>>> print(open('run.tsv').read())   # TSV, C-alpha atoms
chain	number	residue	atom	x	y	z
A	105	MET	CA	4.17	-21.08	-20.28
A	106	ASN	CA	2.03	-20.34	-17.21
A	107	PHE	CA	1.60	-16.65	-16.45
A	108	ASP	CA	-0.76	-17.20	-13.51
A	109	PHE	CA	-0.22	-17.98	-9.85
A	110	SER	CA	-0.05	-21.62	-8.77
A	111	ASP	CA	-2.90	-23.55	-7.19
A	112	ASP	CA	-1.17	-23.40	-3.79
A	113	GLN	CA	-0.78	-19.65	-4.07
A	114	ARG	CA	-4.45	-19.29	-5.01
A	115	ARG	CA	-5.45	-21.37	-1.99
A	116	LEU	CA	-3.42	-19.01	0.17
A	117	GLN	CA	-5.23	-16.06	-1.42
A	118	ASP	CA	-8.60	-17.70	-0.74
A	119	GLU	CA	-7.68	-18.17	2.92
A	120	VAL	CA	-6.62	-14.53	3.26
A	121	ARG	CA	-9.90	-13.49	1.64
A	122	ARG	CA	-11.86	-15.67	4.05
A	123	VAL	CA	-10.13	-14.20	7.10
A	124	LEU	CA	-10.57	-10.63	5.90
A	125	ALA	CA	-14.24	-11.27	5.16
A	126	ASP	CA	-14.66	-11.77	8.91
A	127	HIS	CA	-12.08	-9.31	10.26
A	128	SER	CA	-12.03	-6.40	7.80
A	129	THR	CA	-15.74	-5.76	7.52
A	130	ASN	CA	-17.59	-2.52	7.04
A	131	VAL	CA	-17.80	-2.23	10.83
A	132	HIS	CA	-14.04	-2.69	11.31
A	133	VAL	CA	-13.16	-0.14	8.65
A	134	ARG	CA	-15.66	2.45	9.86
A	135	ARG	CA	-14.33	2.32	13.42
A	136	VAL	CA	-11.06	3.68	12.07
A	137	LEU	CA	-12.92	6.07	9.75
A	138	ASP	CA	-14.73	7.53	12.76
A	139	GLY	CA	-11.45	8.02	14.65
A	140	ALA	CA	-12.06	5.34	17.26
A	141	ALA	CA	-8.64	3.75	16.57
A	142	PRO	CA	-5.49	4.61	14.59
A	143	PHE	CA	-5.82	1.32	12.71
A	144	CYS	CA	-7.82	-1.87	13.01
A	145	ALA	CA	-5.98	-3.95	15.60
A	146	ASP	CA	-8.28	-6.93	15.02
A	147	THR	CA	-7.45	-7.07	11.31
A	148	TRP	CA	-3.73	-6.64	12.05
A	149	ARG	CA	-3.79	-9.39	14.67
A	150	GLU	CA	-5.62	-11.85	12.41
A	151	LEU	CA	-3.27	-11.20	9.48
A	152	ALA	CA	-0.34	-11.87	11.81
A	153	ALA	CA	-1.94	-15.07	13.14
A	154	LEU	CA	-2.47	-16.24	9.57
A	155	GLY	CA	1.20	-15.61	8.79
A	156	ALA	CA	0.35	-13.02	6.16
A	157	LEU	CA	2.48	-10.25	7.70
A	158	GLY	CA	5.58	-12.43	7.69
A	159	ILE	CA	4.97	-14.06	4.36
A	160	ALA	CA	8.10	-12.50	2.79
A	161	ILE	CA	10.15	-12.56	6.01
A	162	PRO	CA	12.62	-15.46	6.40
A	163	GLU	CA	11.67	-18.31	8.72
A	164	ALA	CA	14.79	-17.62	10.79
A	165	HIS	CA	13.24	-14.29	11.74
A	166	GLY	CA	9.72	-15.45	12.53
A	167	GLY	CA	8.23	-15.31	9.05
A	168	SER	CA	7.00	-18.04	6.73
A	169	GLY	CA	9.65	-17.30	4.11
A	170	MET	CA	7.30	-17.89	1.22
A	171	GLY	CA	8.20	-14.82	-0.82
A	172	LEU	CA	7.14	-11.61	-2.48
A	173	LEU	CA	4.83	-13.28	-5.01
A	174	GLU	CA	2.64	-14.49	-2.19
A	175	LEU	CA	2.77	-11.06	-0.56
A	176	CYS	CA	1.32	-9.63	-3.78
A	177	LEU	CA	-1.76	-11.82	-3.32
A	178	VAL	CA	-2.10	-10.69	0.29
A	179	ALA	CA	-1.95	-7.09	-0.97
A	180	GLU	CA	-4.70	-7.74	-3.53
A	181	GLU	CA	-7.01	-9.08	-0.85
A	182	ALA	CA	-6.13	-6.20	1.48
A	183	GLY	CA	-7.20	-3.78	-1.24
A	184	ARG	CA	-10.39	-5.73	-1.89
A	185	ALA	CA	-11.29	-5.64	1.81
A	186	LEU	CA	-10.27	-1.98	2.34
A	187	VAL	CA	-7.94	-3.11	5.12
A	188	ALA	CA	-7.35	-0.28	7.61
A	189	ALA	CA	-3.93	-1.38	8.87
A	190	PRO	CA	-0.28	-0.33	8.37
A	191	LEU	CA	0.74	-2.77	5.65
A	192	LEU	CA	2.46	-0.16	3.48
A	193	PRO	CA	4.90	1.35	6.00
A	194	SER	CA	5.53	-1.69	8.18
A	195	ILE	CA	5.51	-4.62	5.74
A	196	TYR	CA	5.99	-3.32	2.20
A	197	LEU	CA	8.66	-0.75	3.14
A	198	ALA	CA	10.25	-1.19	6.58
A	199	ALA	CA	10.33	-4.99	6.77
A	200	GLU	CA	11.74	-5.28	3.26
A	201	ALA	CA	14.39	-2.60	3.86
A	202	ILE	CA	15.49	-4.20	7.13
A	203	ARG	CA	15.56	-7.63	5.48
A	204	ARG	CA	17.77	-6.30	2.69
A	205	ALA	CA	20.00	-3.86	4.56
A	206	GLY	CA	19.68	-4.39	8.30
A	207	SER	CA	22.43	-5.88	10.43
A	208	ALA	CA	21.95	-9.30	12.01
A	209	VAL	CA	21.07	-7.58	15.29
A	210	GLN	CA	18.57	-5.23	13.63
A	211	GLN	CA	16.94	-8.08	11.74
A	212	ALA	CA	16.62	-10.14	14.90
A	213	ALA	CA	15.21	-7.18	16.79
A	214	TRP	CA	12.59	-6.06	14.27
A	215	LEU	CA	11.63	-8.74	11.75
A	216	PRO	CA	10.07	-11.21	14.24
A	217	ARG	CA	8.04	-8.38	15.81
A	218	LEU	CA	6.85	-7.15	12.41
A	219	ALA	CA	5.87	-10.67	11.37
A	220	ALA	CA	3.93	-11.12	14.61
A	221	GLY	CA	2.16	-7.77	14.26
A	222	GLU	CA	3.76	-6.54	17.49
A	223	ALA	CA	5.46	-3.49	15.93
A	224	VAL	CA	4.50	-0.68	13.59
A	225	ILE	CA	7.24	1.22	11.75
A	226	ALA	CA	6.62	4.36	9.72
A	227	ALA	CA	8.78	4.75	6.62
A	228	VAL	CA	9.90	7.64	4.43
A	229	LEU	CA	12.20	6.36	1.70
A	230	ASP	CA	11.61	9.12	-0.84
A	231	GLU	CA	11.59	12.49	0.90
A	232	ARG	CA	10.28	14.28	-2.19
A	233	ASN	CA	6.85	12.74	-1.57
A	234	HIS	CA	6.76	13.92	2.04
A	235	ARG	CA	8.03	17.52	1.99
A	236	VAL	CA	6.56	20.96	1.66
A	237	LEU	CA	8.60	24.10	1.00
A	238	LYS	CA	8.35	25.46	4.54
A	239	ASP	CA	9.79	22.30	6.11
A	240	PRO	CA	13.52	21.93	6.79
A	241	LYS	CA	15.03	19.08	4.79
A	242	LEU	CA	16.04	15.96	6.67
A	243	SER	CA	19.71	15.95	7.61
A	244	LEU	CA	22.02	13.57	9.47
A	245	ALA	CA	24.91	14.78	11.63
A	246	ASP	CA	26.79	12.92	14.39
A	247	GLY	CA	24.21	10.15	14.36
A	248	LYS	CA	21.29	12.50	14.90
A	249	VAL	CA	18.44	13.46	12.54
A	250	SER	CA	16.89	16.89	12.13
A	251	GLY	CA	14.18	18.14	9.76
A	252	ALA	CA	10.55	17.39	9.05
A	253	VAL	CA	8.43	15.19	6.81
A	254	GLN	CA	4.73	15.39	5.97
A	255	ALA	CA	1.99	12.90	5.16
A	256	VAL	CA	3.66	9.91	6.81
A	257	PRO	CA	1.29	6.90	6.87
A	258	ASP	CA	0.68	5.59	10.40
A	259	GLY	CA	3.14	8.09	11.84
A	260	MET	CA	1.02	8.52	14.97
A	261	ALA	CA	0.76	4.79	15.70
A	262	ALA	CA	4.35	3.80	14.85
A	263	GLU	CA	7.01	3.26	17.51
A	264	ALA	CA	9.87	3.88	15.08
A	265	ALA	CA	10.51	5.49	11.71
A	266	LEU	CA	12.74	4.24	8.91
A	267	LEU	CA	14.17	7.21	7.02
A	268	LEU	CA	16.45	7.79	4.06
A	269	VAL	CA	18.66	10.71	5.14
A	270	ASP	CA	21.68	11.92	3.18
A	271	GLY	CA	21.91	8.59	1.38
A	272	ARG	CA	21.78	6.52	4.59
A	273	LEU	CA	18.93	4.36	5.88
A	274	VAL	CA	18.35	5.02	9.58
A	275	LEU	CA	15.91	3.97	12.28
A	276	VAL	CA	14.62	6.58	14.72
A	277	ASP	CA	12.70	5.82	17.93
A	278	LEU	CA	9.60	8.00	17.68
A	279	ARG	CA	9.10	7.79	21.43
A	280	GLY	CA	12.51	9.28	22.15
A	281	GLU	CA	13.71	12.83	22.63
A	282	GLY	CA	13.87	15.26	19.76
A	283	VAL	CA	10.73	13.92	18.05
A	284	GLU	CA	7.38	15.62	17.60
A	285	ARG	CA	4.32	14.07	15.98
A	286	HIS	CA	1.29	15.91	14.68
A	287	ALA	CA	-1.80	14.18	13.29
A	288	LEU	CA	-2.86	15.41	9.86
A	289	LYS	CA	-6.25	15.30	8.19
A	290	SER	CA	-6.45	12.68	5.45
A	291	LEU	CA	-8.89	12.31	2.58
A	292	ASP	CA	-9.07	8.69	3.69
A	293	PRO	CA	-9.19	8.68	7.52
A	294	THR	CA	-8.96	4.87	7.47
A	295	ARG	CA	-5.33	5.42	6.47
A	296	PRO	CA	-4.23	8.23	8.83
A	297	LEU	CA	-1.23	10.50	8.20
A	298	ALA	CA	1.15	12.41	10.44
A	299	ARG	CA	3.77	15.14	10.32
A	300	LEU	CA	7.05	14.11	11.94
A	301	VAL	CA	9.50	16.74	13.19
A	302	PHE	CA	13.03	15.76	14.26
A	303	ASP	CA	15.37	17.95	16.26
A	304	GLY	CA	18.55	16.04	16.96
A	305	ALA	CA	16.77	12.69	17.33
A	306	VAL	CA	19.15	9.77	17.80
A	307	ALA	CA	19.34	7.58	14.68
A	308	GLU	CA	20.53	4.01	14.25
A	309	ALA	CA	22.00	3.39	10.80
A	310	LEU	CA	21.33	0.24	8.81
A	311	ASP	CA	24.29	-1.62	7.32
A	312	ALA	CA	23.77	-0.60	3.69
A	313	ALA	CA	26.56	1.63	2.42
A	314	ASP	CA	24.37	2.84	-0.43
A	315	GLY	CA	21.04	3.38	1.25
A	316	ALA	CA	19.61	5.26	-1.72
A	317	THR	CA	19.92	2.21	-3.98
A	318	VAL	CA	18.26	-0.08	-1.43
A	319	ALA	CA	15.53	2.49	-0.84
A	320	ALA	CA	14.81	2.77	-4.57
A	321	GLN	CA	14.52	-1.02	-4.86
A	322	VAL	CA	12.20	-1.19	-1.86
A	323	VAL	CA	10.03	1.67	-3.16
A	324	ASN	CA	9.69	-0.04	-6.54
A	325	GLY	CA	8.64	-3.24	-4.78
A	326	ALA	CA	6.11	-1.35	-2.67
A	327	ALA	CA	4.76	0.24	-5.85
A	328	VAL	CA	3.99	-3.22	-7.23
A	329	LEU	CA	2.32	-4.25	-3.97
A	330	LEU	CA	0.21	-1.09	-3.93
A	331	ALA	CA	-0.78	-1.81	-7.54
A	332	PHE	CA	-2.17	-5.15	-6.34
A	333	GLU	CA	-4.09	-3.34	-3.60
A	334	GLN	CA	-5.51	-1.00	-6.23
A	335	VAL	CA	-6.50	-3.90	-8.50
A	336	GLY	CA	-8.24	-5.63	-5.58
A	337	GLY	CA	-10.09	-2.46	-4.61
A	338	ALA	CA	-11.08	-1.73	-8.20
A	339	ALA	CA	-12.47	-5.25	-8.66
A	340	ARG	CA	-14.50	-4.92	-5.45
A	341	ALA	CA	-15.91	-1.55	-6.55
A	342	LEU	CA	-16.81	-2.97	-9.97
A	343	HIS	CA	-18.55	-5.99	-8.48
A	344	ALA	CA	-20.56	-3.75	-6.15
A	345	ALA	CA	-21.71	-1.69	-9.14
A	346	ARG	CA	-22.58	-4.82	-11.11
A	347	ASP	CA	-24.58	-6.29	-8.24
A	348	HIS	CA	-26.50	-3.05	-7.81
A	349	ALA	CA	-27.18	-2.84	-11.57
A	350	LEU	CA	-28.65	-6.34	-11.50
A	351	GLN	CA	-30.98	-5.49	-8.59
A	352	ARG	CA	-32.01	-1.90	-9.27
A	353	ARG	CA	-34.99	-1.65	-11.58
A	354	ALA	CA	-36.20	1.22	-13.74
A	355	PHE	CA	-38.95	1.22	-16.37
A	356	GLY	CA	-39.80	-2.36	-15.44
A	357	ARG	CA	-36.33	-3.86	-15.96
A	358	ALA	CA	-32.93	-4.12	-14.25
A	359	ILE	CA	-30.75	-1.12	-15.08
A	360	GLY	CA	-27.94	-3.56	-15.87
A	361	SER	CA	-29.85	-4.50	-19.04
A	362	PHE	CA	-29.46	-0.98	-20.45
A	363	GLN	CA	-26.76	-0.66	-23.08
A	364	GLY	CA	-25.17	2.42	-21.50
A	365	VAL	CA	-24.73	0.63	-18.18
A	366	LYS	CA	-23.40	-2.57	-19.77
A	367	HIS	CA	-20.85	-0.63	-21.81
A	368	LYS	CA	-19.62	1.25	-18.78
A	369	LEU	CA	-19.19	-1.94	-16.76
A	370	ALA	CA	-17.36	-3.57	-19.69
A	371	GLU	CA	-15.01	-0.60	-19.98
A	372	LEU	CA	-14.19	-0.77	-16.28
A	373	PHE	CA	-13.58	-4.51	-16.50
A	374	ALA	CA	-11.14	-3.97	-19.38
A	375	GLN	CA	-9.27	-1.27	-17.46
A	376	ILE	CA	-8.94	-3.49	-14.42
A	377	GLU	CA	-7.68	-6.44	-16.46
A	378	ILE	CA	-5.06	-4.23	-18.12
A	379	ALA	CA	-3.96	-3.07	-14.66
A	380	ARG	CA	-3.89	-6.69	-13.47
A	381	ALA	CA	-1.62	-7.68	-16.36
A	382	HIS	CA	0.80	-4.88	-15.47
A	383	ALA	CA	0.66	-5.88	-11.79
A	384	TYR	CA	1.50	-9.49	-12.70
A	385	TYR	CA	4.47	-8.31	-14.75
A	386	GLY	CA	5.59	-6.22	-11.79
A	387	ALA	CA	5.19	-9.22	-9.46
A	388	TRP	CA	7.43	-11.31	-11.72
A	389	ALA	CA	10.07	-8.59	-11.84
A	390	LEU	CA	9.90	-8.13	-8.07
A	391	ALA	CA	10.11	-11.82	-7.22
A	392	THR	CA	12.98	-12.52	-9.62
A	393	GLY	CA	14.95	-9.33	-9.04
A	394	ALA	CA	14.76	-8.57	-12.74
A	395	ALA	CA	16.39	-5.45	-14.18
A	396	GLU	CA	12.97	-4.49	-15.58
A	397	LEU	CA	11.58	-3.82	-12.09
A	398	PRO	CA	11.69	0.02	-12.28
A	399	ARG	CA	9.80	0.01	-15.58
A	400	ALA	CA	7.39	-2.73	-14.50
A	401	ALA	CA	6.67	-1.01	-11.18
A	402	ALA	CA	5.98	2.34	-12.86
A	403	ALA	CA	3.69	0.77	-15.47
A	404	ALA	CA	1.80	-1.15	-12.77
A	405	ARG	CA	1.30	1.98	-10.67
A	406	VAL	CA	0.05	4.05	-13.62
A	407	ALA	CA	-2.37	1.40	-14.88
A	408	ALA	CA	-3.65	0.47	-11.40
A	409	THR	CA	-4.12	4.09	-10.30
A	410	THR	CA	-6.13	4.82	-13.45
A	411	ALA	CA	-8.24	1.69	-13.04
A	412	TYR	CA	-9.06	2.16	-9.35
A	413	ASN	CA	-9.92	5.84	-9.71
A	414	ALA	CA	-12.22	5.05	-12.64
A	415	ALA	CA	-13.87	2.08	-10.90
A	416	ALA	CA	-14.45	3.98	-7.67
A	417	GLU	CA	-15.94	6.99	-9.47
A	418	GLU	CA	-18.17	5.00	-11.81
A	419	SER	CA	-19.31	2.62	-9.08
A	420	LEU	CA	-20.55	5.62	-7.14
A	421	HIS	CA	-22.27	7.02	-10.24
A	422	LEU	CA	-23.89	3.71	-11.17
A	423	HIS	CA	-25.35	3.41	-7.69
A	424	GLY	CA	-27.28	6.60	-8.42
A	425	GLY	CA	-28.39	8.91	-5.61
A	426	ILE	CA	-27.90	6.24	-2.92
A	427	GLY	CA	-24.24	5.96	-3.94
A	428	TYR	CA	-23.56	9.38	-2.45
A	429	THR	CA	-24.85	8.44	1.00
A	430	TRP	CA	-22.65	7.80	4.03
A	431	GLU	CA	-24.17	4.36	4.62
A	432	LEU	CA	-22.88	2.80	1.40
A	433	ASP	CA	-19.21	1.93	0.87
A	434	CYS	CA	-18.85	3.83	-2.41
A	435	HIS	CA	-17.18	6.77	-0.72
A	436	LEU	CA	-14.77	4.44	1.09
A	437	HIS	CA	-13.47	3.14	-2.23
A	438	LEU	CA	-13.29	6.64	-3.69
A	439	ARG	CA	-11.29	7.82	-0.66
A	440	ARG	CA	-8.96	4.81	-0.81
A	441	ALA	CA	-8.47	5.16	-4.57
A	442	ARG	CA	-7.41	8.79	-4.17
A	443	TRP	CA	-5.16	7.95	-1.19
A	444	LEU	CA	-3.40	5.07	-2.91
A	445	GLY	CA	-2.98	7.15	-6.06
A	446	GLN	CA	-0.87	9.72	-4.21
A	447	ILE	CA	0.83	8.10	-1.24
A	448	LEU	CA	3.94	6.67	-2.90
A	449	GLY	CA	4.15	9.30	-5.61
A	450	SER	CA	1.43	10.58	-7.88
A	451	GLU	CA	0.35	9.00	-11.15
A	452	HIS	CA	2.17	11.80	-12.98
A	453	ALA	CA	5.39	11.06	-11.10
A	454	TRP	CA	5.18	7.38	-12.01
A	455	ARG	CA	4.44	8.27	-15.63
A	456	GLU	CA	7.64	10.30	-15.65
A	457	LYS	CA	9.55	7.34	-14.17
A	458	LEU	CA	8.08	5.05	-16.80
A	459	ALA	CA	9.05	7.41	-19.61
A	460	SER	CA	12.57	7.74	-18.24
A	461	ALA	CA	12.95	3.95	-17.99
A	462	LEU	CA	11.73	3.46	-21.56
A	463	ILE	CA	14.11	6.16	-22.86
A	464	GLU	CA	17.03	4.53	-21.05
A	465	GLU	CA	16.21	1.14	-22.55
A	466	ALA	CA	15.92	2.60	-26.04
A	467	ALA	CA	19.23	4.46	-25.78
>>> encode(input="run.tsv", output="structure tokens")
Amino acid sequence: MNFDFSDDQRRLQDEVRRVLADHSTNVHVRRVLDGAAPFCADTWRELAALGALGIAIPEAHGGSGMGLLELCLVAEEAGRALVAAPLLPSIYLAAEAIRRAGSAVQQAAWLPRLAAGEAVIAAVLDERNHRVLKDPKLSLADGKVSGAVQAVPDGMAAEAALLLVDGRLVLVDLRGEGVERHALKSLDPTRPLARLVFDGAVAEALDAADGATVAAQVVNGAAVLLAFEQVGGAARALHAARDHALQRRAFGRAIGSFQGVKHKLAELFAQIEIARAHAYYGAWALATGAAELPRAAAAARVAATTAYNAAAEESLHLHGGIGYTWELDCHLHLRRARWLGQILGSEHAWREKLASALIEEAA
């Protein structure tokens, strides 16, 4: 039995990596870091031209219709290249929710634009991750939304927001009346956040009668995709540390020859491979619609969050004093590791989900 991706899928991954090597460079990422743009339009445009944004969108709606397995490989390369673009809200969450629950008109209106990189949609499908006590809870009355949500990825750049409100999935035009947007500071400015405030904003409901169920499925799928991003980022951070250890010399020899350094690199490699195995299991569950998806997604998120945090921290340490400088990318990986570890629910929240899923299965 083959537990790996096919040769064709690997060739697709190689092509995505090649494109991102040219269009998600240190320069591209740091333009967003410095506040020169809300996201990297060049990276977004090239991913769209490659067909990567529409890889899980049906051909009838402007996508390539390949599937979610292939999207996992795109996510891994996005994490490796520290892509500063709205993949999470627009592609992992909004596009998948509209594909599953949108009407024919909504699918025709949004999916081709998402696949072409012409639209950005913010998404809040689990309000618990986007609320603080002082904020009024989201509510839906007479087709209008009121309330507030915090820490919404790409909320300033998006033209619409997909929200789960009172068990219904709704689309809100963020350029319309009754909407306020406030930029928030983010630990990782390459992935900016916003606070969205709604006061009777007109909402367009998706077709799903049980929006909460669809939202939970989409969030679990996004968790698997983020786990692939974390695995890709962790591998990149590890390779940077390894390369530095092979070049940096102390006491007449490369520091990579010291036992303490070799052991640390080996430990990180093992953690990343464990996370990769969980991510692969999650990819299988996602692509096949298996009942194990909630458990597989939670396990992937826990393992990948642990691995990326460890790799980013130790890569910075192994670079020594130069690792703490602004010029090196170590801090970019540390920022991204922290951001990814919190944005769709913390590691502790996913551990709780994993424990609950295991208890249910054992009952």
>>> atom_distance(input="run.tsv", atom1="atom CA of A:Gln211", atom2="atom CA of A:Gly247")
19.8 Å
>>> atom_distance(input="run.tsv", atom1="atom CA of A:Pro190", atom2="atom CA of A:Phe109")
25.4 Å
>>> closest_residue(input="run.tsv", among="A:Val256, A:Ala199, A:Ala453, A:Val269", to="A:Leu244", atoms="only C-alpha atoms")
A:Val269
>>> residues_around(input="run.tsv", residues="stretch 161-167 of chain A", least_positions_apart="2", cutoff="7 Å", atoms="only C-alpha atoms", output="PyMOL selection string")
chain A and resi 158-159+169+212+215-216+219
>>> atom_distance(input="run.tsv", atom1="atom CA of A:Phe373", atom2="atom CA of A:Ala331")
15.9 Å
>>> closest_residue(input="run.tsv", among="A:Ala152, A:Ala339, A:Ile202, A:Ala320", to="A:Asp230", atoms="all atoms listed in the file")
A:Ala320
>>> residues_near_point(input="run.tsv", point="(4.0, -14.8, -6.9)", cutoff="8 Å", atoms="all atoms listed in the file", output="list of chain:residue names")
A:Phe109, A:Gln113, A:Gly171, A:Leu172, A:Leu173, A:Glu174, A:Leu175, A:Cys176, A:Leu177, A:Ala387, A:Trp388, A:Ala391
>>> build_atoms(input="run.tsv", residues="stretch 194-222 of chain A", atoms="N, CA and C atoms", output="PDB file, keeping the file's coordinate frame")
ATOM      1  N   SER A 194       4.891  -0.670   7.360  1.00  0.00           N
ATOM      2  CA  SER A 194       5.530  -1.690   8.180  1.00  0.00           C
ATOM      3  C   SER A 194       6.024  -2.893   7.387  1.00  0.00           C
ATOM      4  N   ILE A 195       5.201  -3.367   6.436  1.00  0.00           N
ATOM      5  CA  ILE A 195       5.510  -4.620   5.740  1.00  0.00           C
ATOM      6  C   ILE A 195       6.126  -4.369   4.353  1.00  0.00           C
ATOM      7  N   TYR A 196       5.484  -3.541   3.546  1.00  0.00           N
ATOM      8  CA  TYR A 196       5.990  -3.320   2.200  1.00  0.00           C
ATOM      9  C   TYR A 196       7.317  -2.556   2.196  1.00  0.00           C
ATOM     10  N   LEU A 197       7.475  -1.608   3.140  1.00  0.00           N
ATOM     11  CA  LEU A 197       8.660  -0.750   3.140  1.00  0.00           C
ATOM     12  C   LEU A 197       9.665  -1.147   4.229  1.00  0.00           C
ATOM     13  N   ALA A 198       9.286  -1.001   5.492  1.00  0.00           N
ATOM     14  CA  ALA A 198      10.250  -1.190   6.580  1.00  0.00           C
ATOM     15  C   ALA A 198      10.779  -2.624   6.661  1.00  0.00           C
ATOM     16  N   ALA A 199       9.884  -3.604   6.646  1.00  0.00           N
ATOM     17  CA  ALA A 199      10.330  -4.990   6.770  1.00  0.00           C
ATOM     18  C   ALA A 199      11.258  -5.374   5.621  1.00  0.00           C
ATOM     19  N   GLU A 200      10.921  -4.930   4.414  1.00  0.00           N
ATOM     20  CA  GLU A 200      11.740  -5.280   3.260  1.00  0.00           C
ATOM     21  C   GLU A 200      13.094  -4.575   3.321  1.00  0.00           C
ATOM     22  N   ALA A 201      13.117  -3.325   3.750  1.00  0.00           N
ATOM     23  CA  ALA A 201      14.390  -2.600   3.860  1.00  0.00           C
ATOM     24  C   ALA A 201      15.285  -3.226   4.926  1.00  0.00           C
ATOM     25  N   ILE A 202      14.703  -3.584   6.070  1.00  0.00           N
ATOM     26  CA  ILE A 202      15.490  -4.200   7.130  1.00  0.00           C
ATOM     27  C   ILE A 202      15.975  -5.582   6.690  1.00  0.00           C
ATOM     28  N   ARG A 203      15.140  -6.315   5.976  1.00  0.00           N
ATOM     29  CA  ARG A 203      15.560  -7.630   5.480  1.00  0.00           C
ATOM     30  C   ARG A 203      16.729  -7.509   4.514  1.00  0.00           C
ATOM     31  N   ARG A 204      16.717  -6.470   3.689  1.00  0.00           N
ATOM     32  CA  ARG A 204      17.770  -6.300   2.690  1.00  0.00           C
ATOM     33  C   ARG A 204      19.028  -5.665   3.278  1.00  0.00           C
ATOM     34  N   ALA A 205      18.856  -4.698   4.178  1.00  0.00           N
ATOM     35  CA  ALA A 205      20.000  -3.860   4.560  1.00  0.00           C
ATOM     36  C   ALA A 205      20.287  -3.830   6.047  1.00  0.00           C
ATOM     37  N   GLY A 206      19.460  -4.444   6.862  1.00  0.00           N
ATOM     38  CA  GLY A 206      19.680  -4.390   8.300  1.00  0.00           C
ATOM     39  C   GLY A 206      20.798  -5.327   8.736  1.00  0.00           C
ATOM     40  N   SER A 207      21.428  -4.989   9.845  1.00  0.00           N
ATOM     41  CA  SER A 207      22.430  -5.880  10.430  1.00  0.00           C
ATOM     42  C   SER A 207      21.739  -7.098  11.025  1.00  0.00           C
ATOM     43  N   ALA A 208      22.530  -8.095  11.398  1.00  0.00           N
ATOM     44  CA  ALA A 208      21.950  -9.300  12.010  1.00  0.00           C
ATOM     45  C   ALA A 208      21.192  -8.944  13.289  1.00  0.00           C
ATOM     46  N   VAL A 209      21.731  -8.005  14.048  1.00  0.00           N
ATOM     47  CA  VAL A 209      21.070  -7.580  15.290  1.00  0.00           C
ATOM     48  C   VAL A 209      19.765  -6.857  14.979  1.00  0.00           C
ATOM     49  N   GLN A 210      19.783  -5.971  13.998  1.00  0.00           N
ATOM     50  CA  GLN A 210      18.570  -5.230  13.630  1.00  0.00           C
ATOM     51  C   GLN A 210      17.494  -6.157  13.078  1.00  0.00           C
ATOM     52  N   GLN A 211      17.900  -7.121  12.263  1.00  0.00           N
ATOM     53  CA  GLN A 211      16.940  -8.080  11.740  1.00  0.00           C
ATOM     54  C   GLN A 211      16.314  -8.905  12.857  1.00  0.00           C
ATOM     55  N   ALA A 212      17.139  -9.338  13.791  1.00  0.00           N
ATOM     56  CA  ALA A 212      16.620 -10.140  14.900  1.00  0.00           C
ATOM     57  C   ALA A 212      15.719  -9.320  15.811  1.00  0.00           C
ATOM     58  N   ALA A 213      15.995  -8.026  15.903  1.00  0.00           N
ATOM     59  CA  ALA A 213      15.210  -7.180  16.790  1.00  0.00           C
ATOM     60  C   ALA A 213      13.856  -6.805  16.202  1.00  0.00           C
ATOM     61  N   TRP A 214      13.801  -6.624  14.874  1.00  0.00           N
ATOM     62  CA  TRP A 214      12.590  -6.060  14.270  1.00  0.00           C
ATOM     63  C   TRP A 214      11.766  -7.043  13.454  1.00  0.00           C
ATOM     64  N   LEU A 215      12.404  -7.895  12.674  1.00  0.00           N
ATOM     65  CA  LEU A 215      11.630  -8.740  11.750  1.00  0.00           C
ATOM     66  C   LEU A 215      10.658  -9.672  12.465  1.00  0.00           C
ATOM     67  N   PRO A 216      11.044 -10.357  13.554  1.00  0.00           N
ATOM     68  CA  PRO A 216      10.070 -11.210  14.240  1.00  0.00           C
ATOM     69  C   PRO A 216       8.880 -10.412  14.782  1.00  0.00           C
ATOM     70  N   ARG A 217       9.127  -9.202  15.270  1.00  0.00           N
ATOM     71  CA  ARG A 217       8.040  -8.380  15.810  1.00  0.00           C
ATOM     72  C   ARG A 217       7.115  -7.885  14.696  1.00  0.00           C
ATOM     73  N   LEU A 218       7.686  -7.561  13.544  1.00  0.00           N
ATOM     74  CA  LEU A 218       6.850  -7.150  12.410  1.00  0.00           C
ATOM     75  C   LEU A 218       6.002  -8.316  11.921  1.00  0.00           C
ATOM     76  N   ALA A 219       6.603  -9.494  11.834  1.00  0.00           N
ATOM     77  CA  ALA A 219       5.870 -10.670  11.370  1.00  0.00           C
ATOM     78  C   ALA A 219       4.733 -11.024  12.321  1.00  0.00           C
ATOM     79  N   ALA A 220       4.944 -10.788  13.601  1.00  0.00           N
ATOM     80  CA  ALA A 220       3.930 -11.120  14.610  1.00  0.00           C
ATOM     81  C   ALA A 220       2.919 -10.002  14.812  1.00  0.00           C
ATOM     82  N   GLY A 221       3.085  -8.886  14.103  1.00  0.00           N
ATOM     83  CA  GLY A 221       2.160  -7.770  14.260  1.00  0.00           C
ATOM     84  C   GLY A 221       2.345  -7.023  15.563  1.00  0.00           C
ATOM     85  N   GLU A 222       3.509  -7.169  16.198  1.00  0.00           N
ATOM     86  CA  GLU A 222       3.760  -6.540  17.490  1.00  0.00           C
ATOM     87  C   GLU A 222       4.385  -5.150  17.351  1.00  0.00           C
TER      88      GLU A 222
END
